[in-house]
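Participant: If it helps, the file is called work_6.txt and holds compact mmCIF, C-alpha atoms and all ligand atoms:
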```txt
# COMPACT_ATOMS: atom_id res chain seq x y z
CA MET A 1 0.00 0.00 0.00
CA PRO A 2 1.46 3.38 -0.96
CA GLU A 3 2.68 5.43 2.00
CA LEU A 4 4.44 8.77 1.99
CA PRO A 5 7.65 7.46 0.34
CA GLU A 6 5.81 5.81 -2.56
CA VAL A 7 3.72 8.92 -3.17
CA GLU A 8 6.83 11.11 -3.01
CA ARG A 9 8.49 8.92 -5.64
CA ALA A 10 5.39 9.26 -7.84
CA ARG A 11 5.37 13.02 -7.35
CA ALA A 12 9.07 13.26 -8.18
CA SER A 13 8.60 11.24 -11.38
CA ILE A 14 5.81 13.58 -12.47
CA GLU A 15 7.98 16.60 -11.63
CA ARG A 16 10.86 15.12 -13.66
CA SER A 17 8.86 14.05 -16.70
CA ALA A 18 5.50 15.77 -16.99
CA LEU A 19 5.90 19.46 -16.23
CA GLY A 20 5.54 21.85 -19.16
CA ARG A 21 3.70 19.32 -21.33
CA ARG A 22 0.38 20.30 -22.84
CA ILE A 23 -2.63 18.08 -22.09
CA VAL A 24 -4.61 17.19 -25.22
CA VAL A 25 -6.69 14.19 -24.08
CA VAL A 26 -7.99 13.18 -20.65
CA ASP A 27 -9.45 9.75 -19.91
CA ASP A 28 -11.88 10.44 -17.08
CA ARG A 29 -14.47 7.81 -17.96
CA ASP A 30 -14.20 5.90 -14.67
CA THR A 31 -16.97 7.55 -12.70
CA PHE A 32 -15.96 5.86 -9.44
CA VAL A 33 -12.32 6.98 -9.52
CA CYS A 34 -13.33 10.44 -10.80
CA ARG A 35 -16.29 10.92 -8.44
CA PRO A 36 -18.07 13.30 -8.05
CA HIS A 37 -17.23 14.43 -11.58
CA PRO A 38 -19.31 13.11 -14.49
CA PRO A 39 -17.31 11.82 -17.50
CA GLY A 40 -15.88 14.71 -19.48
CA GLU A 41 -15.87 17.26 -16.67
CA ILE A 42 -12.20 16.80 -15.68
CA ALA A 43 -11.30 16.48 -19.36
CA SER A 44 -12.86 19.77 -20.39
CA ALA A 45 -11.26 21.54 -17.41
CA LEU A 46 -7.74 20.28 -18.11
CA THR A 47 -7.52 20.00 -21.89
CA GLY A 48 -5.24 22.61 -23.42
CA HIS A 49 -3.39 23.39 -20.19
CA ARG A 50 0.20 22.56 -19.31
CA LEU A 51 1.27 21.00 -16.02
CA ALA A 52 3.18 23.56 -13.96
CA ALA A 53 3.96 21.90 -10.59
CA ALA A 54 3.54 18.63 -8.67
CA HIS A 55 2.94 18.89 -4.90
CA ARG A 56 2.41 16.40 -2.09
CA ARG A 57 1.34 16.43 1.53
CA GLY A 58 1.22 13.04 3.24
CA LYS A 59 -0.35 10.67 0.73
CA ALA A 60 -2.23 13.48 -1.04
CA MET A 61 -0.78 14.69 -4.33
CA TRP A 62 -1.92 17.52 -6.54
CA LEU A 63 -0.86 18.87 -9.89
CA VAL A 64 -1.11 22.56 -10.71
CA THR A 65 -1.74 23.64 -14.29
CA GLU A 66 -0.77 26.89 -16.00
CA ASP A 67 -3.85 29.13 -16.01
CA GLY A 68 -6.08 26.16 -15.25
CA PRO A 69 -7.47 24.08 -12.40
CA THR A 70 -5.64 21.89 -9.89
CA LEU A 71 -5.88 18.12 -10.27
CA GLY A 72 -5.78 15.99 -7.13
CA LEU A 73 -4.48 12.42 -7.47
CA HIS A 74 -4.62 9.77 -4.76
CA LEU A 75 -2.97 6.39 -5.21
CA GLY A 76 -5.40 4.64 -2.86
CA MET A 77 -4.45 1.15 -1.65
CA SER A 78 -2.55 -0.10 -4.68
CA GLY A 79 -2.23 2.61 -7.32
CA ARG A 80 0.88 3.96 -9.00
CA ILE A 81 1.77 6.57 -11.57
CA VAL A 82 3.06 5.29 -14.90
CA MET A 83 4.77 7.90 -17.08
CA ASP A 84 4.91 7.47 -20.85
CA GLY A 85 4.03 3.78 -20.81
CA LYS A 86 1.63 1.86 -23.02
CA PRO A 87 -1.98 1.71 -21.81
CA ALA A 88 -2.58 -1.12 -19.34
CA PRO A 89 -4.88 -4.05 -20.15
CA ARG A 90 -8.33 -4.49 -18.55
CA ASN A 91 -8.81 -0.77 -17.95
CA TRP A 92 -6.30 -0.83 -15.09
CA ASP A 93 -5.42 2.73 -16.09
CA ARG A 94 -8.29 4.32 -14.19
CA PHE A 95 -7.39 7.84 -15.22
CA ALA A 96 -4.92 9.22 -17.77
CA LEU A 97 -3.61 12.41 -19.28
CA GLU A 98 -2.27 12.37 -22.84
CA PHE A 99 0.17 15.04 -23.91
CA GLU A 100 0.64 16.92 -27.17
CA ASP A 101 3.97 15.13 -27.72
CA GLY A 102 2.30 11.69 -27.62
CA GLY A 103 3.31 10.81 -24.04
CA ARG A 104 0.98 9.83 -21.26
CA LEU A 105 0.51 9.96 -17.48
CA ALA A 106 -1.59 7.10 -16.12
CA LEU A 107 -3.01 6.30 -12.70
CA ARG A 108 -2.69 2.50 -12.79
CA ASP A 109 -4.68 0.74 -10.13
CA LYS A 110 -5.97 -2.84 -10.29
CA ARG A 111 -8.13 -2.40 -7.22
CA ARG A 112 -9.69 0.87 -8.39
CA LEU A 113 -9.31 2.64 -5.04
CA GLY A 114 -7.35 5.64 -6.30
CA ARG A 115 -8.94 9.01 -6.96
CA ALA A 116 -8.71 11.82 -9.49
CA VAL A 117 -10.54 15.01 -8.56
CA LEU A 118 -10.48 18.69 -9.45
CA GLU A 119 -9.58 21.19 -6.71
CA PRO A 120 -9.00 18.58 -3.96
CA ASP A 121 -10.00 19.42 -0.39
CA LEU A 122 -6.85 19.23 1.77
CA SER A 123 -8.43 20.71 4.90
CA ARG A 124 -8.43 17.38 6.76
CA VAL A 125 -4.87 16.42 5.82
CA GLY A 126 -2.41 17.07 8.68
CA PRO A 127 1.13 18.41 8.30
CA ASP A 128 3.45 16.24 6.25
CA ALA A 129 5.29 13.58 8.27
CA ALA A 130 8.59 14.34 6.54
CA GLU A 131 8.40 18.09 7.09
CA ILE A 132 6.63 18.67 10.41
CA THR A 133 8.59 20.85 12.85
CA ARG A 134 9.78 19.57 16.21
CA THR A 135 7.36 21.81 18.10
CA ALA A 136 4.34 20.81 16.02
CA PHE A 137 5.30 17.13 16.28
CA ARG A 138 5.48 17.30 20.10
CA ARG A 139 2.12 19.04 20.28
CA ARG A 140 0.26 16.85 17.78
CA ILE A 141 1.65 13.41 18.62
CA GLY A 142 2.31 13.77 22.34
CA ARG A 143 -1.25 13.98 23.61
CA GLY A 144 -4.19 11.78 24.55
CA SER A 145 -4.47 8.16 25.64
CA ALA A 146 -4.50 6.50 22.19
CA PRO A 147 -1.67 4.02 21.59
CA LEU A 148 1.31 5.66 19.95
CA LYS A 149 0.92 3.63 16.78
CA ALA A 150 -2.70 4.72 16.34
CA ARG A 151 -1.64 8.34 16.79
CA LEU A 152 1.03 7.99 14.09
CA LEU A 153 -1.51 6.52 11.66
CA ASP A 154 -4.06 9.31 12.14
CA GLN A 155 -3.80 11.29 8.88
CA ALA A 156 -5.39 14.41 10.37
CA THR A 157 -2.71 14.48 13.09
CA LEU A 158 0.21 13.74 10.79
CA ALA A 159 -0.06 12.95 7.08
CA GLY A 160 1.70 10.15 5.24
CA VAL A 161 2.48 7.39 7.76
CA GLY A 162 0.98 4.00 6.94
CA ASN A 163 1.26 0.64 8.67
CA LEU A 164 4.76 -0.38 7.58
CA LEU A 165 6.35 3.03 8.05
CA ALA A 166 4.82 3.24 11.55
CA ASP A 167 6.29 -0.14 12.58
CA GLU A 168 9.69 0.72 11.10
CA THR A 169 9.73 4.12 12.82
CA LEU A 170 8.73 2.77 16.26
CA TRP A 171 11.36 0.04 15.98
CA ARG A 172 14.07 2.55 15.09
CA ALA A 173 13.00 4.84 17.94
CA GLU A 174 12.84 1.87 20.38
CA LEU A 175 9.35 2.85 21.50
CA SER A 176 6.45 0.46 22.11
CA PRO A 177 3.44 0.90 19.79
CA LEU A 178 1.22 0.43 22.85
CA ARG A 179 2.48 3.42 24.86
CA PRO A 180 -0.24 6.03 25.43
CA ALA A 181 0.87 8.88 23.15
CA GLY A 182 0.33 11.51 25.84
CA GLU A 183 2.77 9.82 28.23
CA LEU A 184 5.88 10.28 26.08
CA SER A 185 8.53 12.70 27.28
CA GLU A 186 9.73 15.49 25.01
CA ALA A 187 13.01 13.61 24.55
CA GLU A 188 11.11 10.50 23.42
CA LEU A 189 8.95 12.52 21.03
CA ASP A 190 12.06 14.13 19.54
CA ARG A 191 13.66 10.70 19.15
CA LEU A 192 10.51 9.46 17.42
CA ARG A 193 10.55 12.37 14.99
CA VAL A 194 14.21 11.82 14.13
CA ALA A 195 13.48 8.11 13.52
CA LEU A 196 10.46 8.96 11.36
CA ARG A 197 12.45 11.34 9.19
CA ALA A 198 15.29 8.85 8.75
CA ALA A 199 12.93 5.94 7.96
CA THR A 200 11.05 8.11 5.45
CA ARG A 201 14.23 9.35 3.78
CA ASP A 202 15.60 5.81 3.49
CA ALA A 203 12.32 4.52 2.03
CA ILE A 204 12.25 7.27 -0.61
CA ARG A 205 15.86 6.55 -1.55
CA LEU A 206 15.58 2.74 -1.55
CA GLY A 207 12.27 2.46 -3.40
CA GLY A 208 9.54 2.16 -0.79
CA VAL A 209 8.53 1.33 2.76
CA HIS A 210 8.96 -2.41 2.12
CA LYS A 211 12.75 -1.79 2.11
CA GLY A 212 12.75 -0.87 5.82
CA ARG A 213 15.18 -2.71 8.12
CA LEU A 214 12.41 -4.29 10.22
CA ILE A 215 9.96 -5.07 7.42
CA ALA A 216 11.42 -8.38 6.15
CA HIS A 217 11.20 -9.72 9.72
CA ARG A 218 7.50 -8.94 10.18
CA ARG A 219 6.39 -12.58 9.83
CA GLY A 220 5.84 -15.68 11.96
CA GLY A 221 9.15 -16.65 13.58
CA GLY A 222 10.61 -13.23 12.81
CA ARG A 223 13.37 -11.93 15.07
CA CYS A 224 14.50 -8.41 15.84
CA PRO A 225 17.31 -7.63 13.36
CA ARG A 226 19.07 -5.58 16.08
CA CYS A 227 18.96 -7.74 19.23
CA GLY A 228 17.63 -11.10 17.99
CA ALA A 229 14.58 -11.25 20.28
CA ASP A 230 11.41 -12.89 18.98
CA LEU A 231 9.14 -10.18 17.58
CA ILE A 232 5.63 -9.78 18.98
CA ARG A 233 2.55 -9.46 16.81
CA ALA A 234 -0.73 -7.85 17.80
CA THR A 235 -3.44 -5.61 16.38
CA VAL A 236 -2.82 -2.01 17.40
CA GLY A 237 -4.82 0.91 16.04
CA GLY A 238 -6.74 -1.59 13.92
CA ARG A 239 -3.61 -2.72 12.07
CA THR A 240 -1.30 -5.73 12.32
CA THR A 241 1.72 -4.57 14.27
CA TRP A 242 5.11 -6.18 14.91
CA TRP A 243 7.63 -5.03 17.46
CA CYS A 244 10.61 -6.02 19.61
CA PRO A 245 9.46 -6.55 23.21
CA VAL A 246 13.00 -6.21 24.58
CA GLU A 247 14.04 -2.87 23.11
CA GLN A 248 10.70 -1.18 22.33
CA VAL A 249 9.44 -0.04 25.71
ZN ZN B 301 15.33 -5.89 19.56
```
Could I get this structure in the form of structure tokens?
Ligand SMILES: [Zn+2]
Facilitator:
Amino acid sequence: MPELPEVERARASIERSALGRRIVVVDDRDTFVCRPHPPGEIASALTGHRLAAAHRRGKAMWLVTEDGPTLGLHLGMSGRIVMDGKPAPRNWDRFALEFEDGGRLALRDKRRLGRAVLEPDLSRVGPDAAEITRTAFRRRIGRGSAPLKARLLDQATLAGVGNLLADETLWRAELSPLRPAGELSEAELDRLRVALRAATRDAIRLGGVHKGRLIAHRRGGGRCPRCGADLIRATVGGRTTWWCPVEQV
């Protein structure tokens, strides 16, 4: 499932390859992915405009056009951006832009849970997990009785952290996912933020959250890659969670 690092890689590929290109055709026929827009509405708004910028906050991405509207894209549970590829079979390209030069930007998504929408509403998206300041992180994460992992996953509190990045971050910070978020000291919150930034940076560089140092060990019989203890598995914040009971306290 795409988390912040996967979306950032998608955004960067659009920034590298799509900016400045004029849109001549828009495939917006999938009324579920393009809801609430009827077919043709996104197309008529975007056709003729050039892409000017690609932005991201958390898992939300939006493309700004020159003198035109903003297009929000969400990768959902399994989507990805394919630049200048051939169209996918079985309508797996749920939304696509075609450029004057013959190239193409596709939202490819077998499960059809991505979104394409004009003028996306970002009011309920929290500050980006990779960019949040130390002060804002302490204030937003370090409160309440919810387990720390649930707090990290709350997209209105902090945007971009999904299940794998949360486990990787808590393991790096040596903090238990079960700790009530409001009971962390400032030093622990700062350590958590440093770990989150490092885990995010590594995932962007290496190709995704699945490349995390803990992730390959999140399975039955898995051991902590740092101390060798048997990892524990439980459902925390509604998600399957793995952690090291010796070091993560
Ligand atoms: Zn350990």
Participant: Which residues sit within 10 Å of ligand ZN 301 (chain B), counting only C-alpha atoms and all ligand atoms, listed as a ChimeraX atom specification?
Facilitator: /A:171-172,174,214,223-231,243-248
Participant: Can you work out which one of A:Arg57, A:Arg108, A:Arg124, A:Arg193 has the shortest atom-to-atom distance to A:Leu75, counting only C-alpha atoms?
Facilitator: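 Of all the options, A:Arg108 lies closest to A:Leu75.
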Participant: List the spatial neighbours of A:Gly208 as a PyMOL selection string - criterion: any atom at most 8 Å away, only C-alpha atoms, same-chain residues fewer than 5 positions off excluded.
Facilitator: chain A and resi 5-6+203
Participant: Using Å and a single decimal, report how far atom CA of A:Lys59 sits from atom CA of A:Arg22.
Facilitator: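 Distance reported for this atom pair: 25.5 Å.
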Participant: At what distance in Å, to one decimal, does atom CA of A:Pro127 lie from atom CA of A:Gly114?
Facilitator: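 Here the two named atoms are 21.2 Å from each other.
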Participant: Which protein, DNA or RNA residues are at most 7 Å from (-8.1, 6.5, -5.1) in the file's coordinates when you count only C-alpha atoms, listed as a CSV table (one decimal) with C-alpha atoms, in the frame of the given file?
Facilitator:
```
chain,number,residue,atom,x,y,z
A,33,VAL,CA,-12.3,7.0,-9.5
A,74,HIS,CA,-4.6,9.8,-4.8
A,75,LEU,CA,-3.0,6.4,-5.2
A,76,GLY,CA,-5.4,4.6,-2.9
A,112,ARG,CA,-9.7,0.9,-8.4
A,113,LEU,CA,-9.3,2.6,-5.0
A,114,GLY,CA,-7.4,5.6,-6.3
A,115,ARG,CA,-8.9,9.0,-7.0
A,116,ALA,CA,-8.7,11.8,-9.5
```
Participant: Skipping near chain neighbours, those fewer than 3 positions away, what residues fall within 8 Å of A:Arg140 using only C-alpha atoms, listed as a PyMOL selection string?
Facilitator: chain A and resi 136-137+143+157-158
Participant: Any idea what the distance is between atom CA of A:Val161 and atom CA of A:Ala129?
Facilitator: 6.8 Å
